[in-house]
Amino acid sequence: MKHEFAGIGMTSARTRGRMVDRLRQQGIRNEEVLAAMGSTPRHIFIDEALAHRAYDDVSLPIGLGQTISQPYIVAKMLELAVGAARRDKVLEIGTGCGYQAAVLAQLFKTVYTVERVAQLLDRARVKLRDMRVNNTRLRHGDGFLGIPDAAPFDAIVMAAAPPYVPEALMNQLAIGGKMVFPVGTVNQELRMIERSEEGFTESKLERVRFVPMLPGLA
Ligand code: SAH
């Protein structure tokens, strides 16, 4: 069948290899992040009709008005997050289709991920189970609140942009931890907050475009 051939061509390890080459050209240097992205089948998380574009450097719709981030921005955020002093626990805000959680699962011992849209979370749960990813803990909840009972986290990565820096999340960051997140409404920027014994240090990175982080459950 024509469709199947197209599927094989666009979703193979070679296609992923080309994505990794492109990420290197875009300035991603961390070999662990590149290897994790090179081995995670991104197309599995995307609707079949769009799977042929899974490895392009674009964000794609994942249903319910949400999008999966483009490979470059996932790589960039994870490269910053793996700089944390420890890699026991990472918190992801915005599970979406589960792709970034699957990549994080290769970089941290346990991945906690929160999604406000129940339907997306259910789908992500099935995908991650099918892929035998065993170190993710999925939670239906409001990411603005984090997961107090699992805190502190060595890293926190937000896949949706809050209008301001959520203080609850800063407080759930471990000493030596790093929080990587987009912030803003019309104009958004990527930032990183690092926590040390002395307090918090914030750096502003680059202009980005994410879906908004919304309060409450759906
Ligand atoms: N990491 C995801 C990207 C999903 S896009 C992936 O790999 O597919 C961002 C997600 O954040 C959306 O699914 C959206 O529903 C979710 N989101 C928005 N506001 C949220 C909040 N307050 N708490 C938890 N999730 C939220």
# chains A, B, ... in the order shown; residues from 1 in each chain; ligands from 1
$ residues_near_ligand --ligand "ligand 1" --cutoff "7 Å" --atoms "only C-alpha atoms and all ligand atoms" --output "ChimeraX atom specification"
/A:66-69,93-101,114-117,120,141-144,159-160,211-216
$ residues_around --residues "Met131 of chain A" --least-positions-apart "2" --cutoff "12 Å" --atoms "only C-alpha atoms" --output "VMD selection string"
chain A and resid 39 to 42 44 to 45 98 to 99 101 to 103 105 124 to 129 133 to 136
$ select_by_dssp --residues "chain A" --states "strand (DSSP E or B)" --output "ChimeraX atom specification"
/A:60-63,66-68,89-93,110-115,136-140,153-158,161,173-183,188-196,199-208,212
$ write_last_selection --atoms "C-alpha atoms" --output "CSV table (one decimal), in the first residue's frame"
chain,number,residue,atom,x,y,z
A,60,LEU,CA,2.2,20.1,14.9
A,61,PRO,CA,-1.4,19.9,16.1
A,62,ILE,CA,-2.1,17.1,18.6
A,63,GLY,CA,-5.8,17.7,19.0
A,66,GLN,CA,-2.8,21.9,21.4
A,67,THR,CA,0.5,21.4,19.7
A,68,ILE,CA,3.7,19.3,20.1
A,89,LYS,CA,13.2,13.8,39.4
A,90,VAL,CA,12.0,16.1,36.6
A,91,LEU,CA,8.6,17.8,36.5
A,92,GLU,CA,7.0,18.5,33.1
A,93,ILE,CA,4.1,20.9,32.8
A,110,THR,CA,11.6,9.6,37.2
A,111,VAL,CA,9.5,11.9,35.1
A,112,TYR,CA,6.4,13.6,36.7
A,113,THR,CA,4.2,15.2,34.1
A,114,VAL,CA,1.0,17.2,34.6
A,115,GLU,CA,-1.7,17.8,32.0
A,136,THR,CA,6.8,8.4,33.9
A,137,ARG,CA,4.1,9.4,36.5
A,138,LEU,CA,1.2,11.1,34.7
A,139,ARG,CA,-1.1,13.4,36.6
A,140,HIS,CA,-4.3,15.2,35.7
A,153,PHE,CA,12.4,18.4,41.6
A,154,ASP,CA,15.9,18.5,40.1
A,155,ALA,CA,14.4,20.1,37.0
A,156,ILE,CA,11.1,21.6,35.9
A,157,VAL,CA,10.3,22.0,32.2
A,158,MET,CA,7.2,23.9,31.0
A,161,ALA,CA,3.7,29.6,28.6
A,173,LEU,CA,12.7,23.3,42.7
A,174,ALA,CA,15.6,21.5,44.5
A,175,ILE,CA,18.8,23.3,45.4
A,176,GLY,CA,21.0,22.8,42.3
A,177,GLY,CA,17.8,22.5,40.2
A,178,LYS,CA,17.0,24.2,37.0
A,179,MET,CA,13.6,25.4,35.7
A,180,VAL,CA,13.3,26.0,32.0
A,181,PHE,CA,10.2,27.7,30.7
A,182,PRO,CA,8.6,30.1,28.3
A,183,VAL,CA,6.9,33.1,29.8
A,188,GLN,CA,7.2,35.3,25.0
A,189,GLU,CA,10.7,34.4,25.9
A,190,LEU,CA,12.5,31.3,27.1
A,191,ARG,CA,14.0,31.7,30.6
A,192,MET,CA,15.9,29.6,33.0
A,193,ILE,CA,15.8,29.9,36.8
A,194,GLU,CA,18.6,28.2,38.8
A,195,ARG,CA,18.3,27.6,42.5
A,196,SER,CA,21.3,27.6,44.8
A,199,GLY,CA,18.6,31.8,46.2
A,200,PHE,CA,17.4,32.0,42.6
A,201,THR,CA,19.2,33.3,39.5
A,202,GLU,CA,17.2,34.0,36.3
A,203,SER,CA,18.6,34.1,32.7
A,204,LYS,CA,16.7,35.2,29.7
A,205,LEU,CA,17.4,33.1,26.6
A,206,GLU,CA,15.5,33.6,23.3
A,207,ARG,CA,12.2,34.6,21.8
A,208,VAL,CA,9.7,31.6,21.6
A,212,PRO,CA,-0.6,29.5,26.8
$ atom_distance --atom1 "atom CA of Asp88 of chain A" --atom2 "atom CA of Gln70 of chain A"
25.7 Å
$ closest_residue --among "A:Ile147, A:Ile28, A:Glu48, A:Asp57" --to "Arg16 of chain A" --atoms "only C-alpha atoms"
A:Asp57
$ select_by_dssp --residues "segment 19-182 of chain A" --states "helix (DSSP H, G or I)" --output "JSON, numbers by chain"
{"A": [19, 20, 21, 22, 23, 24, 25, 31, 32, 33, 34, 35, 36, 37, 38, 39, 42, 43, 44, 45, 48, 49, 50, 51, 52, 53, 71, 72, 73, 74, 75, 76, 77, 78, 79, 80, 81, 99, 100, 101, 102, 103, 104, 118, 119, 120, 121, 122, 123, 124, 125, 126, 127, 128, 129, 130, 143, 144, 145, 148, 149, 150, 167, 168, 169, 170, 171]}
